[in-house]
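File shown: model-v8.cif. Contents: mmCIF, N, CA and C atoms.
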data_structure
loop_
_atom_site.label_atom_id
_atom_site.label_comp_id
_atom_site.auth_asym_id
_atom_site.auth_seq_id
_atom_site.Cartn_x
_atom_site.Cartn_y
_atom_site.Cartn_z
N MET Z 1 0.85 -1.15 0.00
CA MET Z 1 0.00 0.00 0.00
C MET Z 1 0.90 1.23 0.00
N PRO Z 2 0.66 2.18 -0.89
CA PRO Z 2 1.50 3.36 -0.92
C PRO Z 2 1.27 4.22 0.31
N ARG Z 3 2.32 4.83 0.78
CA ARG Z 3 2.24 5.67 1.97
C ARG Z 3 2.65 7.07 1.58
N THR Z 4 1.81 8.05 1.92
CA THR Z 4 2.16 9.44 1.62
C THR Z 4 3.02 9.96 2.75
N PRO Z 5 4.06 10.71 2.43
CA PRO Z 5 4.93 11.22 3.49
C PRO Z 5 4.23 12.25 4.36
N ASP Z 6 4.43 12.15 5.66
CA ASP Z 6 3.89 13.14 6.58
C ASP Z 6 4.80 14.36 6.56
N SER Z 7 4.24 15.51 6.90
CA SER Z 7 5.06 16.72 6.91
C SER Z 7 6.09 16.66 8.04
N GLU Z 8 5.78 15.93 9.11
CA GLU Z 8 6.69 15.84 10.25
C GLU Z 8 7.65 14.66 10.15
N ALA Z 9 7.37 13.74 9.25
CA ALA Z 9 8.20 12.55 9.12
C ALA Z 9 9.46 12.88 8.34
N PRO Z 10 10.60 12.32 8.77
CA PRO Z 10 11.84 12.59 8.02
C PRO Z 10 11.80 11.92 6.65
N ASP Z 11 12.54 12.50 5.71
CA ASP Z 11 12.64 11.89 4.39
C ASP Z 11 13.33 10.54 4.52
N SER Z 12 13.14 9.70 3.51
CA SER Z 12 13.76 8.38 3.56
C SER Z 12 15.28 8.48 3.55
N ASP Z 13 15.82 9.60 2.97
CA ASP Z 13 17.27 9.81 2.98
C ASP Z 13 17.77 10.09 4.39
N GLN Z 14 16.90 10.64 5.25
CA GLN Z 14 17.29 11.02 6.60
C GLN Z 14 16.90 9.94 7.62
N GLU Z 15 16.38 8.85 7.16
CA GLU Z 15 15.95 7.78 8.06
C GLU Z 15 17.15 7.24 8.84
N GLU Z 16 16.91 6.97 10.12
CA GLU Z 16 17.97 6.39 10.94
C GLU Z 16 18.36 5.03 10.40
N PRO Z 17 19.64 4.71 10.42
CA PRO Z 17 20.04 3.37 9.97
C PRO Z 17 19.55 2.31 10.96
N TRP Z 18 19.18 1.18 10.43
CA TRP Z 18 18.72 0.08 11.27
C TRP Z 18 19.91 -0.45 12.06
N LEU Z 19 19.64 -1.00 13.21
CA LEU Z 19 20.69 -1.45 14.12
C LEU Z 19 21.05 -2.90 13.87
N GLY Z 20 22.34 -3.19 13.95
CA GLY Z 20 22.82 -4.56 13.81
C GLY Z 20 22.69 -5.32 15.13
N SER Z 21 22.94 -6.61 15.05
CA SER Z 21 22.78 -7.47 16.22
C SER Z 21 23.69 -7.10 17.37
N ASP Z 22 24.91 -6.66 17.09
CA ASP Z 22 25.83 -6.34 18.17
C ASP Z 22 25.34 -5.15 18.99
N LYS Z 23 24.83 -4.11 18.33
CA LYS Z 23 24.33 -2.94 19.05
C LYS Z 23 23.07 -3.27 19.84
N VAL Z 24 22.18 -4.06 19.24
CA VAL Z 24 20.93 -4.42 19.92
C VAL Z 24 21.21 -5.34 21.10
N SER Z 25 22.18 -6.21 20.96
CA SER Z 25 22.55 -7.09 22.07
C SER Z 25 23.03 -6.27 23.26
N GLU Z 26 23.82 -5.24 23.02
CA GLU Z 26 24.27 -4.36 24.10
C GLU Z 26 23.11 -3.57 24.69
N LEU Z 27 22.23 -3.09 23.82
CA LEU Z 27 21.10 -2.26 24.26
C LEU Z 27 20.13 -3.06 25.13
N TRP Z 28 19.83 -4.28 24.73
CA TRP Z 28 18.86 -5.11 25.45
C TRP Z 28 19.49 -6.00 26.50
N GLN Z 29 20.82 -6.16 26.47
CA GLN Z 29 21.52 -7.10 27.36
C GLN Z 29 20.98 -8.52 27.17
N VAL Z 30 20.91 -8.92 25.89
CA VAL Z 30 20.42 -10.24 25.50
C VAL Z 30 21.48 -10.89 24.62
N ARG Z 31 21.68 -12.20 24.77
CA ARG Z 31 22.64 -12.93 23.95
C ARG Z 31 22.20 -12.86 22.49
N GLU Z 32 23.18 -12.68 21.59
CA GLU Z 32 22.88 -12.47 20.16
C GLU Z 32 22.01 -13.58 19.56
N HIS Z 33 22.25 -14.79 19.98
CA HIS Z 33 21.50 -15.93 19.44
C HIS Z 33 19.99 -15.77 19.66
N TRP Z 34 19.60 -15.12 20.75
CA TRP Z 34 18.19 -15.01 21.11
C TRP Z 34 17.54 -13.70 20.68
N LEU Z 35 18.27 -12.81 20.02
CA LEU Z 35 17.71 -11.52 19.64
C LEU Z 35 16.45 -11.63 18.77
N PRO Z 36 16.42 -12.50 17.73
CA PRO Z 36 15.18 -12.58 16.94
C PRO Z 36 13.96 -12.99 17.76
N SER Z 37 14.16 -13.89 18.73
CA SER Z 37 13.04 -14.31 19.58
C SER Z 37 12.57 -13.17 20.47
N VAL Z 38 13.51 -12.42 21.05
CA VAL Z 38 13.15 -11.28 21.89
C VAL Z 38 12.47 -10.21 21.05
N ALA Z 39 12.96 -9.98 19.84
CA ALA Z 39 12.33 -9.00 18.95
C ALA Z 39 10.88 -9.38 18.67
N SER Z 40 10.64 -10.66 18.50
CA SER Z 40 9.28 -11.13 18.28
C SER Z 40 8.41 -10.88 19.52
N LEU Z 41 8.96 -11.15 20.71
CA LEU Z 41 8.22 -10.93 21.95
C LEU Z 41 7.90 -9.45 22.16
N ALA Z 42 8.81 -8.56 21.72
CA ALA Z 42 8.67 -7.13 21.95
C ALA Z 42 8.07 -6.39 20.75
N ASP Z 43 7.64 -7.10 19.73
CA ASP Z 43 7.06 -6.50 18.52
C ASP Z 43 7.99 -5.49 17.86
N VAL Z 44 9.23 -5.91 17.64
CA VAL Z 44 10.23 -5.08 16.98
C VAL Z 44 10.31 -5.49 15.51
N ARG Z 45 10.31 -4.51 14.62
CA ARG Z 45 10.44 -4.80 13.19
C ARG Z 45 11.87 -5.25 12.90
N VAL Z 46 11.99 -6.31 12.10
CA VAL Z 46 13.29 -6.91 11.81
C VAL Z 46 13.44 -7.08 10.30
N ARG Z 47 14.62 -6.74 9.80
CA ARG Z 47 14.98 -7.04 8.40
C ARG Z 47 15.96 -8.20 8.43
N THR Z 48 15.73 -9.19 7.59
CA THR Z 48 16.67 -10.30 7.51
C THR Z 48 17.30 -10.32 6.13
N TYR Z 49 18.53 -10.77 6.08
CA TYR Z 49 19.20 -10.99 4.81
C TYR Z 49 20.16 -12.14 4.98
N GLY Z 50 20.52 -12.74 3.86
CA GLY Z 50 21.33 -13.95 3.90
C GLY Z 50 20.41 -15.15 4.00
N GLY Z 51 20.95 -16.27 4.42
CA GLY Z 51 20.16 -17.47 4.61
C GLY Z 51 19.82 -18.22 3.34
N GLU Z 52 20.47 -17.85 2.22
CA GLU Z 52 20.16 -18.52 0.97
C GLU Z 52 20.62 -19.97 1.04
N SER Z 53 19.91 -20.80 0.34
CA SER Z 53 20.25 -22.22 0.31
C SER Z 53 21.55 -22.43 -0.46
N ARG Z 54 22.38 -23.30 0.05
CA ARG Z 54 23.61 -23.69 -0.63
C ARG Z 54 23.52 -25.14 -1.10
N GLY Z 55 22.31 -25.60 -1.30
CA GLY Z 55 22.11 -26.97 -1.77
C GLY Z 55 22.50 -27.96 -0.70
N THR Z 56 23.32 -28.93 -1.07
CA THR Z 56 23.72 -29.96 -0.11
C THR Z 56 24.66 -29.41 0.95
N TRP Z 57 25.15 -28.18 0.80
CA TRP Z 57 26.07 -27.59 1.77
C TRP Z 57 25.34 -26.81 2.85
N GLY Z 58 24.03 -26.88 2.90
CA GLY Z 58 23.28 -26.18 3.94
C GLY Z 58 22.82 -24.82 3.49
N ALA Z 59 22.85 -23.87 4.39
CA ALA Z 59 22.38 -22.53 4.08
C ALA Z 59 23.41 -21.50 4.57
N ALA Z 60 23.40 -20.37 3.91
CA ALA Z 60 24.27 -19.26 4.33
C ALA Z 60 23.73 -18.72 5.66
N PRO Z 61 24.57 -18.07 6.44
CA PRO Z 61 24.08 -17.49 7.70
C PRO Z 61 23.03 -16.42 7.44
N THR Z 62 22.12 -16.28 8.38
CA THR Z 62 21.09 -15.25 8.31
C THR Z 62 21.48 -14.12 9.24
N PHE Z 63 21.40 -12.88 8.74
CA PHE Z 63 21.73 -11.70 9.52
C PHE Z 63 20.46 -10.90 9.75
N TYR Z 64 20.43 -10.17 10.86
CA TYR Z 64 19.24 -9.43 11.25
C TYR Z 64 19.60 -7.97 11.52
N ASP Z 65 18.73 -7.06 11.09
CA ASP Z 65 18.81 -5.65 11.42
C ASP Z 65 17.49 -5.27 12.08
N TYR Z 66 17.57 -4.39 13.08
CA TYR Z 66 16.41 -4.05 13.90
C TYR Z 66 16.07 -2.57 13.75
N HIS Z 67 14.78 -2.27 13.69
CA HIS Z 67 14.31 -0.90 13.55
C HIS Z 67 14.75 -0.10 14.78
N PRO Z 68 15.40 1.07 14.58
CA PRO Z 68 15.96 1.80 15.72
C PRO Z 68 14.91 2.27 16.73
N GLY Z 69 13.80 2.78 16.25
CA GLY Z 69 12.75 3.24 17.17
C GLY Z 69 12.14 2.10 17.96
N ASP Z 70 11.85 1.01 17.26
CA ASP Z 70 11.28 -0.17 17.92
C ASP Z 70 12.27 -0.75 18.93
N ALA Z 71 13.56 -0.76 18.57
CA ALA Z 71 14.58 -1.32 19.46
C ALA Z 71 14.70 -0.48 20.73
N GLN Z 72 14.61 0.84 20.60
CA GLN Z 72 14.68 1.70 21.79
C GLN Z 72 13.45 1.52 22.66
N ARG Z 73 12.28 1.42 22.03
CA ARG Z 73 11.05 1.20 22.78
C ARG Z 73 11.12 -0.13 23.51
N ALA Z 74 11.64 -1.16 22.84
CA ALA Z 74 11.77 -2.47 23.46
C ALA Z 74 12.78 -2.45 24.60
N ALA Z 75 13.85 -1.66 24.47
CA ALA Z 75 14.86 -1.56 25.54
C ALA Z 75 14.21 -1.01 26.80
N THR Z 76 13.36 -0.02 26.65
CA THR Z 76 12.66 0.53 27.80
C THR Z 76 11.73 -0.52 28.42
N ALA Z 77 10.99 -1.22 27.57
CA ALA Z 77 10.08 -2.25 28.06
C ALA Z 77 10.83 -3.38 28.75
N ILE Z 78 11.97 -3.77 28.21
CA ILE Z 78 12.78 -4.84 28.80
C ILE Z 78 13.32 -4.39 30.15
N ALA Z 79 13.82 -3.15 30.22
CA ALA Z 79 14.37 -2.62 31.47
C ALA Z 79 13.30 -2.52 32.55
N GLU Z 80 12.08 -2.22 32.16
CA GLU Z 80 10.97 -2.11 33.12
C GLU Z 80 10.35 -3.46 33.44
N GLY Z 81 10.80 -4.52 32.77
CA GLY Z 81 10.28 -5.86 33.05
C GLY Z 81 8.95 -6.18 32.39
N ARG Z 82 8.54 -5.39 31.38
CA ARG Z 82 7.27 -5.63 30.69
C ARG Z 82 7.38 -6.71 29.62
N VAL Z 83 8.60 -7.10 29.26
CA VAL Z 83 8.82 -8.19 28.30
C VAL Z 83 9.46 -9.34 29.07
N ASP Z 84 8.78 -10.47 29.09
CA ASP Z 84 9.25 -11.62 29.86
C ASP Z 84 10.29 -12.39 29.04
N ILE Z 85 11.56 -12.26 29.45
CA ILE Z 85 12.67 -12.91 28.76
C ILE Z 85 13.28 -13.92 29.71
N PRO Z 86 13.45 -15.18 29.29
CA PRO Z 86 14.10 -16.16 30.16
C PRO Z 86 15.50 -15.68 30.57
N SER Z 87 15.87 -15.93 31.81
CA SER Z 87 17.14 -15.41 32.32
C SER Z 87 18.34 -16.00 31.60
N VAL Z 88 18.22 -17.19 31.03
CA VAL Z 88 19.36 -17.79 30.32
C VAL Z 88 19.64 -17.05 29.01
N TRP Z 89 18.68 -16.29 28.50
CA TRP Z 89 18.88 -15.51 27.28
C TRP Z 89 19.59 -14.19 27.57
N ARG Z 90 19.60 -13.76 28.84
CA ARG Z 90 20.09 -12.44 29.22
C ARG Z 90 21.60 -12.43 29.44
N LEU Z 91 22.22 -11.28 29.25
CA LEU Z 91 23.64 -11.10 29.55
C LEU Z 91 23.85 -10.52 30.94
N ASN Z 92 22.81 -10.03 31.57
CA ASN Z 92 22.95 -9.39 32.87
C ASN Z 92 22.43 -10.27 34.01
N THR Z 93 22.37 -11.58 33.78
CA THR Z 93 22.02 -12.52 34.85
C THR Z 93 23.15 -13.54 34.96
N PRO Z 94 23.36 -14.08 36.15
CA PRO Z 94 24.44 -15.07 36.31
C PRO Z 94 24.28 -16.28 35.39
N VAL Z 95 23.08 -16.81 35.26
CA VAL Z 95 22.88 -17.98 34.42
C VAL Z 95 23.07 -17.65 32.94
N GLY Z 96 22.71 -16.44 32.53
CA GLY Z 96 22.92 -16.01 31.14
C GLY Z 96 24.40 -15.82 30.83
N ARG Z 97 25.14 -15.21 31.76
CA ARG Z 97 26.58 -15.04 31.57
C ARG Z 97 27.28 -16.39 31.53
N LEU Z 98 26.85 -17.31 32.39
CA LEU Z 98 27.45 -18.65 32.39
C LEU Z 98 27.20 -19.35 31.05
N ALA Z 99 25.99 -19.23 30.52
CA ALA Z 99 25.68 -19.85 29.23
C ALA Z 99 26.50 -19.23 28.11
N GLU Z 100 26.65 -17.89 28.14
CA GLU Z 100 27.39 -17.19 27.08
C GLU Z 100 28.88 -17.53 27.12
N TYR Z 101 29.48 -17.38 28.28
CA TYR Z 101 30.93 -17.54 28.38
C TYR Z 101 31.34 -18.97 28.67
N GLY Z 102 30.45 -19.77 29.22
CA GLY Z 102 30.74 -21.18 29.46
C GLY Z 102 30.91 -21.94 28.15
N GLY Z 103 30.08 -21.64 27.18
CA GLY Z 103 30.19 -22.27 25.87
C GLY Z 103 31.48 -21.88 25.17
N LEU Z 104 31.85 -20.62 25.28
CA LEU Z 104 33.10 -20.14 24.69
C LEU Z 104 34.30 -20.80 25.37
N PHE Z 105 34.25 -20.92 26.69
CA PHE Z 105 35.33 -21.56 27.43
C PHE Z 105 35.47 -23.02 27.01
N ALA Z 106 34.34 -23.73 26.89
CA ALA Z 106 34.38 -25.15 26.49
C ALA Z 106 34.97 -25.29 25.09
N PHE Z 107 34.61 -24.39 24.18
CA PHE Z 107 35.15 -24.43 22.83
C PHE Z 107 36.66 -24.22 22.84
N ARG Z 108 37.11 -23.24 23.59
CA ARG Z 108 38.55 -22.97 23.67
C ARG Z 108 39.30 -24.12 24.32
N LEU Z 109 38.73 -24.70 25.36
CA LEU Z 109 39.36 -25.83 26.03
C LEU Z 109 39.46 -27.02 25.09
N GLY Z 110 38.42 -27.28 24.33
CA GLY Z 110 38.44 -28.36 23.34
C GLY Z 110 39.50 -28.12 22.27
N GLY Z 111 39.63 -26.88 21.81
CA GLY Z 111 40.65 -26.54 20.82
C GLY Z 111 42.04 -26.73 21.38
N LEU Z 112 42.24 -26.36 22.62
CA LEU Z 112 43.54 -26.53 23.26
C LEU Z 112 43.89 -28.01 23.41
N ALA Z 113 42.91 -28.83 23.79
CA ALA Z 113 43.14 -30.28 23.92
C ALA Z 113 43.48 -30.88 22.56
N PHE Z 114 42.78 -30.47 21.51
CA PHE Z 114 43.07 -30.98 20.17
C PHE Z 114 44.48 -30.60 19.74
N LEU Z 115 44.85 -29.35 19.96
CA LEU Z 115 46.18 -28.90 19.61
C LEU Z 115 47.25 -29.69 20.38
N ALA Z 116 47.01 -29.95 21.66
CA ALA Z 116 47.96 -30.73 22.46
C ALA Z 116 48.11 -32.14 21.90
N LEU Z 117 47.01 -32.76 21.49
CA LEU Z 117 47.08 -34.10 20.91
C LEU Z 117 47.85 -34.11 19.60
N VAL Z 118 47.64 -33.11 18.78
CA VAL Z 118 48.38 -33.00 17.51
C VAL Z 118 49.87 -32.84 17.78
N LEU Z 119 50.24 -31.97 18.70
CA LEU Z 119 51.65 -31.77 19.03
C LEU Z 119 52.29 -33.03 19.61
N ILE Z 120 51.60 -33.74 20.46
CA ILE Z 120 52.11 -35.00 21.00
C ILE Z 120 52.30 -36.00 19.88
N GLY Z 121 51.33 -36.08 18.96
CA GLY Z 121 51.45 -36.99 17.83
C GLY Z 121 52.64 -36.67 16.96
N VAL Z 122 52.86 -35.39 16.68
CA VAL Z 122 54.02 -34.97 15.88
C VAL Z 122 55.31 -35.31 16.62
N TRP Z 123 55.36 -35.02 17.91
CA TRP Z 123 56.56 -35.32 18.69
C TRP Z 123 56.86 -36.82 18.68
N LEU Z 124 55.82 -37.66 18.86
CA LEU Z 124 56.03 -39.11 18.83
C LEU Z 124 56.50 -39.58 17.46
N LEU Z 125 55.95 -39.01 16.41
CA LEU Z 125 56.35 -39.39 15.05
C LEU Z 125 57.82 -39.02 14.82
N VAL Z 126 58.20 -37.80 15.19
CA VAL Z 126 59.60 -37.37 15.03
C VAL Z 126 60.51 -38.24 15.87
N HIS Z 127 60.13 -38.55 17.09
CA HIS Z 127 60.93 -39.39 17.98
C HIS Z 127 61.10 -40.79 17.39
N GLU Z 128 60.04 -41.33 16.80
CA GLU Z 128 60.09 -42.68 16.22
C GLU Z 128 60.99 -42.68 14.99
N LEU Z 129 60.88 -41.63 14.15
CA LEU Z 129 61.71 -41.57 12.96
C LEU Z 129 63.19 -41.37 13.31
N ALA Z 130 63.47 -40.64 14.38
CA ALA Z 130 64.85 -40.39 14.79
C ALA Z 130 65.50 -41.64 15.38
N SER Z 131 64.70 -42.49 16.03
CA SER Z 131 65.27 -43.69 16.65
C SER Z 131 65.45 -44.83 15.66
N SER Z 132 64.85 -44.77 14.50
CA SER Z 132 65.01 -45.87 13.54
C SER Z 132 66.04 -45.64 12.50
#

Take the structure in the file and give it back as structure tokens.
Amino acid sequence: MPRTPDSEAPDSDQEEPWLGSDKVSELWQVREHWLPSVASLADVRVRTYGGESRGTWGAAPTFYDYHPGDAQRAATAIAEGRVDIPSVWRLNTPVGRLAEYGGLFAFRLGGLAFLALVLIGVWLLVHELASS
């Protein structure tokens, strides 16, 4: 439906840029993975891009941009407790911080263990070749 511009509304050239996930995550104190769900709960307009099918290789990542006015309104509602968000989705709760940084710690620990196994394997191979 065509929309006629209001005299008080800014031109489309002057429209505020939509916010990326990193800025909205800071604004709402919500883990990035859960931002689309929180946006849905708070009635925030979202633009998506990406996510195209790659056939047997899966799909490209999907990225989200959030309407700046809606995101600010939702930030106020979230801060006042009018939007019910599970604490594990939040960055400002102990369980949310544990979920966010615990996963990162486990990934790094797994990478370190893998690297240690590779280095031990290389050392054993070099040691075996040197002794024969």

> Which one of Z:Arg31, Z:Leu117, Z:Val122, Z:Leu19 sits closest to Val95 in chain Z if you count only C-alpha atoms?
Replying inline: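 Closest to Val95 in chain Z of all the choices is Z:Arg31.
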
> If you run DSSP on this backbone, which residues of chain Z come out as strand (DSSP E), and could you give them as a ChimeraX atom specification?
Replying inline: /Z:19-20,46-50,62-66

For the residues in that selection, give me N, CA and C atoms as a PDB file, keeping the file's coordinate frame.
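Final output, selection_29.pdb:
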ATOM      1  N   LEU Z  19      19.640  -1.000  13.210  1.00  0.00           N
ATOM      2  CA  LEU Z  19      20.690  -1.450  14.120  1.00  0.00           C
ATOM      3  C   LEU Z  19      21.050  -2.900  13.870  1.00  0.00           C
ATOM      4  N   GLY Z  20      22.340  -3.190  13.950  1.00  0.00           N
ATOM      5  CA  GLY Z  20      22.820  -4.560  13.810  1.00  0.00           C
ATOM      6  C   GLY Z  20      22.690  -5.320  15.130  1.00  0.00           C
ATOM      7  N   VAL Z  46      11.990  -6.310  12.100  1.00  0.00           N
ATOM      8  CA  VAL Z  46      13.290  -6.910  11.810  1.00  0.00           C
ATOM      9  C   VAL Z  46      13.440  -7.080  10.300  1.00  0.00           C
ATOM     10  N   ARG Z  47      14.620  -6.740   9.800  1.00  0.00           N
ATOM     11  CA  ARG Z  47      14.980  -7.040   8.400  1.00  0.00           C
ATOM     12  C   ARG Z  47      15.960  -8.200   8.430  1.00  0.00           C
ATOM     13  N   THR Z  48      15.730  -9.190   7.590  1.00  0.00           N
ATOM     14  CA  THR Z  48      16.670 -10.300   7.510  1.00  0.00           C
ATOM     15  C   THR Z  48      17.300 -10.320   6.130  1.00  0.00           C
ATOM     16  N   TYR Z  49      18.530 -10.770   6.080  1.00  0.00           N
ATOM     17  CA  TYR Z  49      19.200 -10.990   4.810  1.00  0.00           C
ATOM     18  C   TYR Z  49      20.160 -12.140   4.980  1.00  0.00           C
ATOM     19  N   GLY Z  50      20.520 -12.740   3.860  1.00  0.00           N
ATOM     20  CA  GLY Z  50      21.330 -13.950   3.900  1.00  0.00           C
ATOM     21  C   GLY Z  50      20.410 -15.150   4.000  1.00  0.00           C
ATOM     22  N   THR Z  62      22.120 -16.280   8.380  1.00  0.00           N
ATOM     23  CA  THR Z  62      21.090 -15.250   8.310  1.00  0.00           C
ATOM     24  C   THR Z  62      21.480 -14.120   9.240  1.00  0.00           C
ATOM     25  N   PHE Z  63      21.400 -12.880   8.740  1.00  0.00           N
ATOM     26  CA  PHE Z  63      21.730 -11.700   9.520  1.00  0.00           C
ATOM     27  C   PHE Z  63      20.460 -10.900   9.750  1.00  0.00           C
ATOM     28  N   TYR Z  64      20.430 -10.170  10.860  1.00  0.00           N
ATOM     29  CA  TYR Z  64      19.240  -9.430  11.250  1.00  0.00           C
ATOM     30  C   TYR Z  64      19.600  -7.970  11.520  1.00  0.00           C
ATOM     31  N   ASP Z  65      18.730  -7.060  11.090  1.00  0.00           N
ATOM     32  CA  ASP Z  65      18.810  -5.650  11.420  1.00  0.00           C
ATOM     33  C   ASP Z  65      17.490  -5.270  12.080  1.00  0.00           C
ATOM     34  N   TYR Z  66      17.570  -4.390  13.080  1.00  0.00           N
ATOM     35  CA  TYR Z  66      16.410  -4.050  13.900  1.00  0.00           C
ATOM     36  C   TYR Z  66      16.070  -2.570  13.750  1.00  0.00           C
TER      37      TYR Z  66
END

> Could you write out, as a PyMOL selection string, all the residues of chain Z that DSSP marks as alpha helix (DSSP H)?
Replying inline: chain Z and resi 21-28+35-41+68-79+94-131

Written as an mmCIF file with N, CA and C atoms, keeping the file's coordinate frame, what is the full residue list that the PyMOL selection byres (((chain Z and resi 20 and name CA) around 7) and name CA) yields on the file shown?
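part_22.cif, freshly written:
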data_model
loop_
_atom_site.group_PDB
_atom_site.id
_atom_site.type_symbol
_atom_site.label_atom_id
_atom_site.label_comp_id
_atom_site.auth_asym_id
_atom_site.auth_seq_id
_atom_site.Cartn_x
_atom_site.Cartn_y
_atom_site.Cartn_z
ATOM 1 N N TRP Z 18 19.180 1.180 10.430
ATOM 2 C CA TRP Z 18 18.720 0.080 11.270
ATOM 3 C C TRP Z 18 19.910 -0.450 12.060
ATOM 4 N N LEU Z 19 19.640 -1.000 13.210
ATOM 5 C CA LEU Z 19 20.690 -1.450 14.120
ATOM 6 C C LEU Z 19 21.050 -2.900 13.870
ATOM 7 N N SER Z 21 22.940 -6.610 15.050
ATOM 8 C CA SER Z 21 22.780 -7.470 16.220
ATOM 9 C C SER Z 21 23.690 -7.100 17.370
ATOM 10 N N ASP Z 22 24.910 -6.660 17.090
ATOM 11 C CA ASP Z 22 25.830 -6.340 18.170
ATOM 12 C C ASP Z 22 25.340 -5.150 18.990
ATOM 13 N N LYS Z 23 24.830 -4.110 18.330
ATOM 14 C CA LYS Z 23 24.330 -2.940 19.050
ATOM 15 C C LYS Z 23 23.070 -3.270 19.840
ATOM 16 N N VAL Z 24 22.180 -4.060 19.240
ATOM 17 C CA VAL Z 24 20.930 -4.420 19.920
ATOM 18 C C VAL Z 24 21.210 -5.340 21.100
ATOM 19 N N TYR Z 64 20.430 -10.170 10.860
ATOM 20 C CA TYR Z 64 19.240 -9.430 11.250
ATOM 21 C C TYR Z 64 19.600 -7.970 11.520
ATOM 22 N N ASP Z 65 18.730 -7.060 11.090
ATOM 23 C CA ASP Z 65 18.810 -5.650 11.420
ATOM 24 C C ASP Z 65 17.490 -5.270 12.080
ATOM 25 N N TYR Z 66 17.570 -4.390 13.080
ATOM 26 C CA TYR Z 66 16.410 -4.050 13.900
ATOM 27 C C TYR Z 66 16.070 -2.570 13.750
#

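Taking CA of Trp89 in chain Z and CA of Gly58 in chain Z as endpoints, the distance between them is 26.0 Å.
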
> Separation of CA of Val46 in chain Z and atom N of His67 in chain Z, in Å?
Replying inline: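 Spanning CA of Val46 in chain Z to atom N of His67 in chain Z is a straight-line distance of 5.2 Å.
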
>> I need the residue nearest Glu26 in chain Z from this list: Z:Leu115, Z:Glu100, Z:Leu91, Z:Leu129. Use only C-alpha atoms for the distance.
In response: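 Selected residue with least distance to Glu26 in chain Z: Z:Leu91.
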
> So, counting only N, CA and C atoms, which residue among Z:Arg54, Z:Phe105, Z:Ser87, Z:Val44 is closest to Gly69 in chain Z?
Replying inline: Z:Val44

> Hey, can you check how far CA of Gln29 in chain Z sits from CA of Glu52 in chain Z?
Replying inline: 28.8 Å

>> Take the PyMOL selection byres ((chain Z and resi 76-86) around 8), run it mentally on this structure, and tell me the resulting residues as a ChimeraX atom specification.
In response: /Z:27-28,38,41-42,70-75,87-90,96

> Using all atoms listed in the file, which of the listed residues (Z:His33, Z:Pro68, Z:Phe114, Z:Leu119) sits closest to Pro17 in chain Z?
Replying inline: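 Closest to Pro17 in chain Z of all the choices is Z:Pro68.
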
Incomplete range 113-123 of chain Z brought to N, CA, C and O atoms, written out as an mmCIF file, in the frame of the given file:
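Here's the written file result-v4.cif:
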data_model
loop_
_atom_site.group_PDB
_atom_site.id
_atom_site.type_symbol
_atom_site.label_atom_id
_atom_site.label_comp_id
_atom_site.auth_asym_id
_atom_site.auth_seq_id
_atom_site.Cartn_x
_atom_site.Cartn_y
_atom_site.Cartn_z
ATOM 1 N N ALA Z 113 42.910 -28.830 23.790
ATOM 2 C CA ALA Z 113 43.140 -30.280 23.920
ATOM 3 C C ALA Z 113 43.480 -30.880 22.560
ATOM 4 O O ALA Z 113 44.386 -31.726 22.456
ATOM 5 N N PHE Z 114 42.780 -30.470 21.510
ATOM 6 C CA PHE Z 114 43.070 -30.980 20.170
ATOM 7 C C PHE Z 114 44.480 -30.600 19.740
ATOM 8 O O PHE Z 114 45.222 -31.427 19.205
ATOM 9 N N LEU Z 115 44.850 -29.350 19.960
ATOM 10 C CA LEU Z 115 46.180 -28.900 19.610
ATOM 11 C C LEU Z 115 47.250 -29.690 20.380
ATOM 12 O O LEU Z 115 48.272 -30.078 19.808
ATOM 13 N N ALA Z 116 47.010 -29.950 21.660
ATOM 14 C CA ALA Z 116 47.960 -30.730 22.460
ATOM 15 C C ALA Z 116 48.110 -32.140 21.900
ATOM 16 O O ALA Z 116 49.224 -32.668 21.799
ATOM 17 N N LEU Z 117 47.010 -32.760 21.490
ATOM 18 C CA LEU Z 117 47.080 -34.100 20.910
ATOM 19 C C LEU Z 117 47.850 -34.110 19.600
ATOM 20 O O LEU Z 117 48.634 -35.024 19.328
ATOM 21 N N VAL Z 118 47.640 -33.110 18.780
ATOM 22 C CA VAL Z 118 48.380 -33.000 17.510
ATOM 23 C C VAL Z 118 49.870 -32.840 17.780
ATOM 24 O O VAL Z 118 50.709 -33.519 17.154
ATOM 25 N N LEU Z 119 50.240 -31.970 18.700
ATOM 26 C CA LEU Z 119 51.650 -31.770 19.030
ATOM 27 C C LEU Z 119 52.290 -33.030 19.610
ATOM 28 O O LEU Z 119 53.437 -33.358 19.268
ATOM 29 N N ILE Z 120 51.600 -33.740 20.460
ATOM 30 C CA ILE Z 120 52.110 -35.000 21.000
ATOM 31 C C ILE Z 120 52.300 -36.000 19.880
ATOM 32 O O ILE Z 120 53.314 -36.711 19.830
ATOM 33 N N GLY Z 121 51.330 -36.080 18.960
ATOM 34 C CA GLY Z 121 51.450 -36.990 17.830
ATOM 35 C C GLY Z 121 52.640 -36.670 16.960
ATOM 36 O O GLY Z 121 53.379 -37.560 16.530
ATOM 37 N N VAL Z 122 52.860 -35.390 16.680
ATOM 38 C CA VAL Z 122 54.020 -34.970 15.880
ATOM 39 C C VAL Z 122 55.310 -35.310 16.620
ATOM 40 O O VAL Z 122 56.260 -35.828 16.025
ATOM 41 N N TRP Z 123 55.360 -35.020 17.910
ATOM 42 C CA TRP Z 123 56.560 -35.320 18.690
ATOM 43 C C TRP Z 123 56.860 -36.820 18.680
ATOM 44 O O TRP Z 123 58.007 -37.232 18.503
#
